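Enquirer: Can you read through this structure? Questions will come right after.
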Amino acid sequence: MALCLEARQLGCERDDRWLFEGLDIDVKGGDIWRVDGPNGSGKTTLLKILAGQLADYSGTLRWQGNPLHRARAHFAANLLYLGHAPGVSAGLTPLENLAWYQALHGERGSEAQREAALSTMGLEGLEDVPAGRLSAGQQRRVALARLSLTPRALWILDEPFTAIDHAGVAALETQIAAHAQAGGAVVMTTHHTLNIAHPLCHIALG
Amino acid sequence: MPLSETTRRVAVISEPADKQHLGIALGATLMRDLNRMRRRPGDVLNPLVFYALAVSLFPMGISPEASLLAVMAPGLLWVTALLAALLSLDGLFRSDFDDGSLEQMMLCPHPLTSLAVAKVAAHWLLTGLPMALMAPVLGILLALPMNSIGVLMASLVLGSASLSLIGGIGAALTVGLPRGSVLLSLLVLPLYIPVLIFGSGAVQAAIMGDAVLPHLALLGALLAAALIFSPWAIAASLRISING
């Protein structure tokens, strides 16, 4: 089945002000969408709407041709969303955090799999340290380890490069390009200049 | 582009999440919360220590006379248990809200209602259940007659589960507010009153030698109602809190 998330005449109003309106977006397999705009222009709000988190928008959203609110379970099974907060619990170790993510999506997974995912993110030796003792960048890396751990077709990433060092940014750019090359889709926001060997689609807000 | 990456195709999963998968998600969420609290024993002990300290103050403040204390013991034990439960509620969803885990729970293929029940169950296992287990000692401290100790424990086990479920609604509604704990108490206390009445009523009946079962049955009915309605209320409240 080919991936297809389409938005028609998407708009969102906040505090008597339209953040954006009349957006038509077609996210298909192989696409990388970059949402641009100044602070407060509604980038995160747009990503949350596309991820099915917010319901107060105008326009229609369809996943594989069905209205998003009706295809929710199916959509959620194909979505990997990384928000502003990395979703890494400070009281748990990176391994436990990843095990919980997998379980949330009904997968048991294996310890070896999770260790491999953490080591690709450069977190070897920190698997059993409570995440609260890791740096902000390392915590984000724990969250990013999900990209290789739980394969999902659609990635929605809100500022994935925050707190990540240069080498990490390059590796993540390669990973994003590879995902699109393999038929997946990515919608992301970032203020960072992307260096990706793959055509980008732009949404300019604000 | 590395070849190994490009040869692997990303496919859209078409099969819906099934029941067995839900079991995995619920078990993992329950264990996660228990695990997390095990690492922060202070948070678990806080309501329990409060319960023990508050109860032990009454003999000093009122009178050490056994006949007087025994009359008030059911009410005292239940009121303090209720306040201790209230004290522990604020943290129920707070850390998940702050670190973004709640967002992930909302976006997973499983219903938020069942995940919320798993979280409340973990809360009850670490506050309500231990309180019911330590109640006999506190009962003896207040000269509670021996024949009513069993009923005290049973009523606390049933009642505290309702308290956790009802309190979960308040915790979910106030999780986004900076100083939500005052509002939380105001929201939740009125709903706690039926549990308090039947809980202390059961212990009082046991002391008097009256029928205990009607009280316990009513506590069970309250728990059943809370089990049916509060998961939906908690999930809806969490959605409101997250999306402002």
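Residues in the structure tokens are named by chain (A, B, ... in the order shown) and by number from 1 within that chain; ligands are numbered from 1 in the order shown.
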Using 8 Å as the limit and counting only C-alpha atoms, can you tabulate each residue of chain A that touches chain B, with its shortest atom-to-atom distance in Å and the two atoms involved, as a Markdown table?

Expert:
| residue | atom | partner | partner_atom | distance |
| --- | --- | --- | --- | --- |
| A:Met1 | CA | B:Val12 | CA | 6.0 |
| A:Ala2 | CA | B:Val12 | CA | 6.8 |
| A:Leu3 | CA | B:Val12 | CA | 6.3 |
| A:Ala51 | CA | B:Leu107 | CA | 7.8 |
| A:Gly52 | CA | B:Leu107 | CA | 7.8 |
| A:Gln53 | CA | B:Leu107 | CA | 7.2 |
| A:Leu54 | CA | B:Asn243 | CA | 6.6 |
| A:Arg72 | CA | B:Pro109 | CA | 7.5 |
| A:Ala73 | CA | B:Pro109 | CA | 4.8 |
| A:His74 | CA | B:Pro16 | CA | 5.9 |
| A:Phe75 | CA | B:Pro109 | CA | 7.9 |
| A:Ala76 | CA | B:Pro109 | CA | 4.9 |
| A:Ala77 | CA | B:Pro109 | CA | 5.5 |
| A:Asn78 | CA | B:Ile13 | CA | 6.2 |
| A:Tyr81 | CA | B:Gln104 | CA | 7.6 |
| A:Gly83 | CA | B:Gly100 | CA | 7.2 |
| A:His84 | CA | B:Gly100 | CA | 7.7 |
| A:Ala85 | CA | B:Gly100 | CA | 4.8 |
| A:Pro86 | CA | B:Gly100 | CA | 6.0 |
| A:Gly87 | CA | B:Gly100 | CA | 4.0 |
| A:Val88 | CA | B:Asp99 | CA | 6.2 |
| A:Ser89 | CA | B:Asp99 | CA | 6.2 |
| A:Ala90 | CA | B:Asp99 | CA | 7.9 |
| A:Gly91 | CA | B:Arg36 | CA | 5.4 |
| A:Leu92 | CA | B:Arg36 | CA | 6.2 |
| A:Glu96 | CA | B:Arg32 | CA | 7.8 |
| A:Trp100 | CA | B:Ala28 | CA | 6.0 |
| A:Ala103 | CA | B:Ala25 | CA | 4.8 |
| A:Leu104 | CA | B:Ala25 | CA | 4.5 |
| A:His105 | CA | B:Cys108 | CA | 6.1 |
| A:Gly106 | CA | B:His21 | CA | 4.2 |
| A:Glu107 | CA | B:His21 | CA | 7.1 |
| A:Arg108 | CA | B:Ile24 | CA | 7.3 |
| A:Pro151 | CA | B:Val10 | CA | 7.4 |
| A:Arg152 | CA | B:Val10 | CA | 7.2 |
| A:Ala153 | CA | B:Val12 | CA | 5.7 |
| A:Thr174 | CA | B:Met1 | CA | 7.6 |
| A:Ala178 | CA | B:Glu5 | CA | 6.1 |
| A:His179 | CA | B:Val10 | CA | 7.4 |
| A:Gln181 | CA | B:Thr6 | CA | 6.3 |
| A:Ala182 | CA | B:Arg9 | CA | 4.7 |
| A:Gly183 | CA | B:Val10 | CA | 5.5 |
| A:Gly184 | CA | B:Val10 | CA | 5.5 |

Enquirer: Would you put the residues from that selection into a file with C-alpha atoms, as a short mmCIF file (atom, residue, chain, number, x, y, z; two decimals), in the first residue's frame?

Expert:
data_model
loop_
_atom_site.label_atom_id
_atom_site.label_comp_id
_atom_site.auth_asym_id
_atom_site.auth_seq_id
_atom_site.Cartn_x
_atom_site.Cartn_y
_atom_site.Cartn_z
CA MET A 1 0.00 0.00 0.00
CA ALA A 2 1.40 3.39 -0.92
CA LEU A 3 1.61 6.03 1.74
CA ALA A 51 -0.18 13.86 13.48
CA GLY A 52 -3.85 13.78 14.43
CA GLN A 53 -3.28 15.30 17.86
CA LEU A 54 -5.36 18.44 17.47
CA ARG A 72 -6.92 6.70 13.56
CA ALA A 73 -5.68 3.26 14.69
CA HIS A 74 -4.32 2.47 11.25
CA PHE A 75 -2.69 5.88 10.98
CA ALA A 76 -1.15 5.60 14.45
CA ALA A 77 0.36 2.22 13.55
CA ASN A 78 2.25 3.91 10.71
CA TYR A 81 6.04 11.40 15.96
CA GLY A 83 7.60 16.32 19.56
CA HIS A 84 9.26 19.27 21.26
CA ALA A 85 9.68 17.22 24.42
CA PRO A 86 11.61 14.07 23.51
CA GLY A 87 9.25 11.75 25.42
CA VAL A 88 12.10 10.23 27.37
CA SER A 89 11.26 9.56 30.99
CA ALA A 90 14.01 10.77 33.35
CA GLY A 91 13.44 7.96 35.84
CA LEU A 92 14.00 5.17 33.32
CA GLU A 96 13.65 0.82 29.44
CA TRP A 100 8.19 1.01 26.59
CA ALA A 103 5.39 -2.08 23.91
CA LEU A 104 3.13 0.95 23.32
CA HIS A 105 3.03 -0.16 19.71
CA GLY A 106 2.45 -3.77 20.68
CA GLU A 107 5.97 -5.02 20.02
CA ARG A 108 8.01 -6.93 22.54
CA PRO A 151 10.21 1.21 11.40
CA ARG A 152 7.28 3.43 10.49
CA ALA A 153 6.39 4.79 7.09
CA THR A 174 21.61 10.74 6.03
CA ALA A 178 17.61 7.09 3.31
CA HIS A 179 14.10 6.84 4.74
CA GLN A 181 14.71 6.86 -0.63
CA ALA A 182 13.23 3.68 0.79
CA GLY A 183 9.71 4.92 0.19
CA GLY A 184 8.97 6.51 3.55
#

Enquirer: I'd like the contact shell of Val169 in chain A - 12 Å cut-off, only C-alpha atoms, skipping same-chain residues fewer than 2 positions apart - returned as a list in words.

Expert: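 Within the cut-off, the hits are Met121, Gly137, Arg140, Arg141, Leu144, Glu159, Pro160, Phe161, Thr162, Ala163, Ile164, Asp165, His166, Ala167, Ala171, Leu172, Glu173, Thr174, Gln175, Ile176, Thr190, His192, Thr193, Leu194, Asn195 and Ile196 of chain A.
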
Enquirer: For the selection just defined, write its residues with N, CA and C atoms to a file, as an mmCIF file, in the first residue's frame.

Expert:
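The resulting part.cif:
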data_model
loop_
_atom_site.group_PDB
_atom_site.id
_atom_site.type_symbol
_atom_site.label_atom_id
_atom_site.label_comp_id
_atom_site.auth_asym_id
_atom_site.auth_seq_id
_atom_site.Cartn_x
_atom_site.Cartn_y
_atom_site.Cartn_z
ATOM 1 N N MET A 121 23.060 5.382 17.675
ATOM 2 C CA MET A 121 22.945 6.792 18.067
ATOM 3 C C MET A 121 24.133 7.225 18.935
ATOM 4 N N GLY A 137 21.172 16.611 24.727
ATOM 5 C CA GLY A 137 21.446 16.006 23.426
ATOM 6 C C GLY A 137 21.365 14.495 23.478
ATOM 7 N N ARG A 140 17.789 13.415 23.600
ATOM 8 C CA ARG A 140 17.180 13.478 22.276
ATOM 9 C C ARG A 140 17.634 12.307 21.422
ATOM 10 N N ARG A 141 18.886 11.917 21.603
ATOM 11 C CA ARG A 141 19.396 10.762 20.852
ATOM 12 C C ARG A 141 18.648 9.488 21.241
ATOM 13 N N LEU A 144 15.592 9.633 19.310
ATOM 14 C CA LEU A 144 15.858 9.420 17.882
ATOM 15 C C LEU A 144 16.191 7.967 17.576
ATOM 16 N N GLU A 159 11.502 19.779 15.158
ATOM 17 C CA GLU A 159 12.866 20.202 15.538
ATOM 18 C C GLU A 159 13.735 19.026 15.986
ATOM 19 N N PRO A 160 13.952 18.048 15.109
ATOM 20 C CA PRO A 160 14.714 16.876 15.553
ATOM 21 C C PRO A 160 16.178 17.176 15.845
ATOM 22 N N PHE A 161 16.682 18.302 15.317
ATOM 23 C CA PHE A 161 18.119 18.573 15.477
ATOM 24 C C PHE A 161 18.451 19.334 16.760
ATOM 25 N N THR A 162 17.435 19.696 17.531
ATOM 26 C CA THR A 162 17.694 20.447 18.766
ATOM 27 C C THR A 162 18.679 19.699 19.649
ATOM 28 N N ALA A 163 19.710 20.405 20.087
ATOM 29 C CA ALA A 163 20.692 19.874 21.045
ATOM 30 C C ALA A 163 21.573 18.758 20.492
ATOM 31 N N ILE A 164 21.485 18.493 19.175
ATOM 32 C CA ILE A 164 22.310 17.421 18.589
ATOM 33 C C ILE A 164 23.605 18.029 18.026
ATOM 34 N N ASP A 165 24.717 17.352 18.221
ATOM 35 C CA ASP A 165 25.999 17.888 17.740
ATOM 36 C C ASP A 165 26.157 17.703 16.226
ATOM 37 N N HIS A 166 27.264 18.280 15.654
ATOM 38 C CA HIS A 166 27.445 18.297 14.197
ATOM 39 C C HIS A 166 27.422 16.898 13.593
ATOM 40 N N ALA A 167 28.173 15.980 14.204
ATOM 41 C CA ALA A 167 28.237 14.621 13.662
ATOM 42 C C ALA A 167 26.854 13.973 13.699
ATOM 43 N N ALA A 171 24.522 12.536 10.576
ATOM 44 C CA ALA A 171 24.018 11.160 10.559
ATOM 45 C C ALA A 171 22.499 11.149 10.421
ATOM 46 N N LEU A 172 21.849 12.081 11.108
ATOM 47 C CA LEU A 172 20.388 12.133 11.047
ATOM 48 C C LEU A 172 19.914 12.549 9.656
ATOM 49 N N GLU A 173 20.647 13.495 9.037
ATOM 50 C CA GLU A 173 20.293 13.906 7.664
ATOM 51 C C GLU A 173 20.393 12.724 6.714
ATOM 52 N N THR A 174 21.452 11.927 6.877
ATOM 53 C CA THR A 174 21.609 10.736 6.032
ATOM 54 C C THR A 174 20.445 9.775 6.261
ATOM 55 N N GLN A 175 20.080 9.624 7.539
ATOM 56 C CA GLN A 175 19.003 8.690 7.878
ATOM 57 C C GLN A 175 17.672 9.150 7.279
ATOM 58 N N ILE A 176 17.425 10.459 7.338
ATOM 59 C CA ILE A 176 16.177 10.998 6.792
ATOM 60 C C ILE A 176 16.132 10.788 5.281
ATOM 61 N N THR A 190 12.582 22.631 11.116
ATOM 62 C CA THR A 190 13.911 22.876 11.664
ATOM 63 C C THR A 190 14.361 24.273 11.261
ATOM 64 N N HIS A 192 17.571 24.742 11.106
ATOM 65 C CA HIS A 192 18.911 24.387 10.710
ATOM 66 C C HIS A 192 18.931 24.290 9.175
ATOM 67 N N THR A 193 20.065 24.644 8.527
ATOM 68 C CA THR A 193 20.144 24.524 7.069
ATOM 69 C C THR A 193 20.345 23.055 6.721
ATOM 70 N N LEU A 194 19.353 22.498 6.044
ATOM 71 C CA LEU A 194 19.403 21.068 5.767
ATOM 72 C C LEU A 194 20.380 20.771 4.641
ATOM 73 N N ASN A 195 21.118 19.703 4.801
ATOM 74 C CA ASN A 195 22.065 19.281 3.779
ATOM 75 C C ASN A 195 21.707 17.848 3.410
ATOM 76 N N ILE A 196 20.624 17.728 2.644
ATOM 77 C CA ILE A 196 20.097 16.406 2.346
ATOM 78 C C ILE A 196 20.119 16.167 0.845
#

Enquirer: As an exercise, work out the distance from CA of Cys201 in chain A to CA of Gln139 in chain A in Å and give it to one decimal place.

Expert: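 Separation of CA of Cys201 in chain A and CA of Gln139 in chain A: 28.8 Å.
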
Enquirer: Which residues, written as a list of chain:residue names, have at least one atom at most 9 Å from Leu112 in chain B, with only C-alpha atoms counted and residues fewer than 6 positions away on the same chain left out?

Expert: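 So, after excluding close chain neighbours, the residues are B:Met105, B:Met106, B:Pro231, B:Trp232, B:Ile234, B:Ala235, B:Ala236, B:Leu238.
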
Enquirer: How close does each residue of range 37-130 of chain B get to range 163-177 of chain B, giving the shortest atom pair and distance in Å to one decimal for every residue with an atom at most 12 Å away, counting only C-alpha atoms, sorted by chain and residue number, as JSON lines?

Expert:
{"residue": "B:Trp78", "atom": "CA", "partner": "B:Leu163", "partner_atom": "CA", "distance": 11.5}
{"residue": "B:Val79", "atom": "CA", "partner": "B:Leu163", "partner_atom": "CA", "distance": 12.0}
{"residue": "B:Ala81", "atom": "CA", "partner": "B:Leu163", "partner_atom": "CA", "distance": 9.8}
{"residue": "B:Leu82", "atom": "CA", "partner": "B:Leu163", "partner_atom": "CA", "distance": 7.6}
{"residue": "B:Leu83", "atom": "CA", "partner": "B:Leu163", "partner_atom": "CA", "distance": 10.3}
{"residue": "B:Ala84", "atom": "CA", "partner": "B:Leu163", "partner_atom": "CA", "distance": 10.6}
{"residue": "B:Ala85", "atom": "CA", "partner": "B:Leu163", "partner_atom": "CA", "distance": 7.2}
{"residue": "B:Leu86", "atom": "CA", "partner": "B:Gly167", "partner_atom": "CA", "distance": 7.2}
{"residue": "B:Leu87", "atom": "CA", "partner": "B:Gly167", "partner_atom": "CA", "distance": 10.2}
{"residue": "B:Ser88", "atom": "CA", "partner": "B:Ser164", "partner_atom": "CA", "distance": 9.4}
{"residue": "B:Leu89", "atom": "CA", "partner": "B:Ala171", "partner_atom": "CA", "distance": 6.2}
{"residue": "B:Asp90", "atom": "CA", "partner": "B:Ala171", "partner_atom": "CA", "distance": 5.8}
{"residue": "B:Gly91", "atom": "CA", "partner": "B:Ala171", "partner_atom": "CA", "distance": 7.9}
{"residue": "B:Leu92", "atom": "CA", "partner": "B:Ala171", "partner_atom": "CA", "distance": 6.6}
{"residue": "B:Phe93", "atom": "CA", "partner": "B:Val175", "partner_atom": "CA", "distance": 6.5}
{"residue": "B:Arg94", "atom": "CA", "partner": "B:Val175", "partner_atom": "CA", "distance": 5.7}
{"residue": "B:Ser95", "atom": "CA", "partner": "B:Val175", "partner_atom": "CA", "distance": 9.3}
{"residue": "B:Asp96", "atom": "CA", "partner": "B:Val175", "partner_atom": "CA", "distance": 9.6}
{"residue": "B:Phe97", "atom": "CA", "partner": "B:Val175", "partner_atom": "CA", "distance": 7.1}
{"residue": "B:Asp98", "atom": "CA", "partner": "B:Gly176", "partner_atom": "CA", "distance": 8.8}
{"residue": "B:Leu102", "atom": "CA", "partner": "B:Ala172", "partner_atom": "CA", "distance": 10.7}
{"residue": "B:Thr113", "atom": "CA", "partner": "B:Ile169", "partner_atom": "CA", "distance": 11.4}
{"residue": "B:Ala116", "atom": "CA", "partner": "B:Gly168", "partner_atom": "CA", "distance": 8.4}
{"residue": "B:Val117", "atom": "CA", "partner": "B:Leu165", "partner_atom": "CA", "distance": 7.9}
{"residue": "B:Ala118", "atom": "CA", "partner": "B:Leu165", "partner_atom": "CA", "distance": 10.6}
{"residue": "B:Lys119", "atom": "CA", "partner": "B:Gly168", "partner_atom": "CA", "distance": 9.0}
{"residue": "B:Val120", "atom": "CA", "partner": "B:Ser164", "partner_atom": "CA", "distance": 6.3}
{"residue": "B:Ala121", "atom": "CA", "partner": "B:Ser164", "partner_atom": "CA", "distance": 8.0}
{"residue": "B:Ala122", "atom": "CA", "partner": "B:Ser164", "partner_atom": "CA", "distance": 9.7}
{"residue": "B:His123", "atom": "CA", "partner": "B:Ser164", "partner_atom": "CA", "distance": 7.0}
{"residue": "B:Trp124", "atom": "CA", "partner": "B:Ser164", "partner_atom": "CA", "distance": 5.9}
{"residue": "B:Leu125", "atom": "CA", "partner": "B:Ser164", "partner_atom": "CA", "distance": 9.8}
{"residue": "B:Leu126", "atom": "CA", "partner": "B:Ser164", "partner_atom": "CA", "distance": 10.5}
{"residue": "B:Thr127", "atom": "CA", "partner": "B:Ser164", "partner_atom": "CA", "distance": 8.7}
{"residue": "B:Gly128", "atom": "CA", "partner": "B:Ser164", "partner_atom": "CA", "distance": 7.5}
{"residue": "B:Leu129", "atom": "CA", "partner": "B:Ser164", "partner_atom": "CA", "distance": 10.6}

Enquirer: Please produce an output containing N, CA and C atoms for each residue in the selection, written as a short mmCIF file (atom, residue, chain, number, x, y, z; two decimals), in the first residue's frame.

Expert:
data_model
loop_
_atom_site.label_atom_id
_atom_site.label_comp_id
_atom_site.auth_asym_id
_atom_site.auth_seq_id
_atom_site.Cartn_x
_atom_site.Cartn_y
_atom_site.Cartn_z
N TRP B 78 -10.29 6.88 58.10
CA TRP B 78 -10.74 7.06 56.72
C TRP B 78 -10.44 8.46 56.20
N VAL B 79 -10.66 9.46 57.05
CA VAL B 79 -10.40 10.84 56.60
C VAL B 79 -8.91 11.02 56.28
N ALA B 81 -6.78 8.67 55.45
CA ALA B 81 -6.45 7.89 54.24
C ALA B 81 -6.82 8.69 52.99
N LEU B 82 -7.98 9.36 53.07
CA LEU B 82 -8.45 10.15 51.94
C LEU B 82 -7.51 11.32 51.65
N LEU B 83 -7.07 11.99 52.72
CA LEU B 83 -6.15 13.11 52.53
C LEU B 83 -4.80 12.63 52.00
N ALA B 84 -4.36 11.48 52.51
CA ALA B 84 -3.08 10.94 52.03
C ALA B 84 -3.17 10.60 50.54
N ALA B 85 -4.32 10.04 50.14
CA ALA B 85 -4.50 9.71 48.72
C ALA B 85 -4.48 10.98 47.88
N LEU B 86 -5.11 12.02 48.41
CA LEU B 86 -5.17 13.30 47.70
C LEU B 86 -3.78 13.88 47.51
N LEU B 87 -2.96 13.70 48.53
CA LEU B 87 -1.59 14.22 48.52
C LEU B 87 -0.76 13.60 47.40
N SER B 88 -1.08 12.34 47.09
CA SER B 88 -0.25 11.61 46.13
C SER B 88 -0.69 11.82 44.69
N LEU B 89 -1.87 12.45 44.50
CA LEU B 89 -2.46 12.50 43.16
C LEU B 89 -1.72 13.40 42.20
N ASP B 90 -1.17 14.51 42.72
CA ASP B 90 -0.66 15.55 41.84
C ASP B 90 0.39 15.01 40.87
N GLY B 91 1.18 14.03 41.33
CA GLY B 91 2.26 13.54 40.49
C GLY B 91 1.84 12.48 39.49
N LEU B 92 0.55 12.12 39.49
CA LEU B 92 0.11 10.97 38.69
C LEU B 92 0.47 11.09 37.21
N PHE B 93 0.17 12.25 36.60
CA PHE B 93 0.48 12.43 35.18
C PHE B 93 1.53 13.49 34.94
N ARG B 94 1.97 14.16 36.02
CA ARG B 94 2.83 15.33 35.87
C ARG B 94 4.09 15.06 35.06
N SER B 95 4.86 14.03 35.45
CA SER B 95 6.15 13.84 34.78
C SER B 95 5.95 13.39 33.33
N ASP B 96 4.90 12.61 33.07
CA ASP B 96 4.64 12.19 31.70
C ASP B 96 4.23 13.37 30.84
N PHE B 97 3.53 14.32 31.46
CA PHE B 97 3.12 15.52 30.74
C PHE B 97 4.34 16.35 30.40
N ASP B 98 5.24 16.53 31.39
CA ASP B 98 6.40 17.38 31.19
C ASP B 98 7.39 16.81 30.16
N LEU B 102 3.28 11.56 27.54
CA LEU B 102 1.83 11.55 27.41
C LEU B 102 1.41 11.72 25.95
N THR B 113 -7.78 5.47 26.98
CA THR B 113 -8.56 5.07 28.15
C THR B 113 -7.91 3.89 28.86
N ALA B 116 -4.64 4.79 30.51
CA ALA B 116 -4.87 5.57 31.73
C ALA B 116 -5.20 4.62 32.89
N VAL B 117 -5.98 3.57 32.62
CA VAL B 117 -6.29 2.61 33.68
C VAL B 117 -5.02 1.95 34.20
N ALA B 118 -4.10 1.64 33.28
CA ALA B 118 -2.84 1.02 33.71
C ALA B 118 -2.07 1.95 34.62
N LYS B 119 -2.07 3.24 34.31
CA LYS B 119 -1.35 4.20 35.14
C LYS B 119 -2.01 4.34 36.52
N VAL B 120 -3.36 4.37 36.51
CA VAL B 120 -4.07 4.49 37.79
C VAL B 120 -3.85 3.23 38.62
N ALA B 121 -3.81 2.07 37.95
CA ALA B 121 -3.58 0.82 38.69
C ALA B 121 -2.22 0.85 39.38
N ALA B 122 -1.21 1.37 38.69
CA ALA B 122 0.11 1.47 39.30
C ALA B 122 0.06 2.41 40.51
N HIS B 123 -0.69 3.49 40.37
CA HIS B 123 -0.82 4.45 41.47
C HIS B 123 -1.48 3.78 42.68
N TRP B 124 -2.52 3.00 42.41
CA TRP B 124 -3.23 2.34 43.51
C TRP B 124 -2.33 1.30 44.19
N LEU B 125 -1.58 0.55 43.40
CA LEU B 125 -0.71 -0.48 43.97
C LEU B 125 0.34 0.14 44.89
N LEU B 126 0.69 1.40 44.64
CA LEU B 126 1.75 2.02 45.43
C LEU B 126 1.23 2.98 46.51
N THR B 127 -0.06 3.32 46.48
CA THR B 127 -0.58 4.16 47.57
C THR B 127 -1.75 3.49 48.28
N GLY B 128 -2.83 3.19 47.58
CA GLY B 128 -4.03 2.64 48.21
C GLY B 128 -3.78 1.32 48.90
N LEU B 129 -3.14 0.41 48.18
CA LEU B 129 -2.90 -0.93 48.73
C LEU B 129 -1.98 -0.89 49.96
#

Enquirer: Write out as a PyMOL selection string all residues of range 28-170 of chain B that backbone DSSP assigns to alpha helix (DSSP H).

Expert: chain B and resi 28-39+41-61+66-89+94-99+101-107+112-126+128-141+149-170

Enquirer: If I take CA of Leu216 in chain B and CA of Met153 in chain B, how far is one from the other in Å, to one decimal?

Expert: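 Pair CA of Leu216 in chain B / CA of Met153 in chain B returns 11.0 Å.
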
Enquirer: Skip Cys4 in chain A itself and residues of its chain fewer than 5 positions away, then list as a compact mmCIF listing (two decimals) with C-alpha atoms, in the first residue's frame all residues within 6 Å of it, counting only C-alpha atoms.

Expert:
# COMPACT_ATOMS: atom_id res chain seq x y z
CA VAL A 27 2.50 13.72 1.68
CA LYS A 28 3.45 10.70 -0.40
CA TRP A 63 -5.07 9.10 5.36
CA GLN A 64 -5.01 6.56 2.51

Enquirer: Between A:Gln102, A:Gln113, A:Ser41, A:Thr93, which has the minimum distance to Gln138 in chain A (counting only C-alpha atoms)?

Expert: A:Thr93
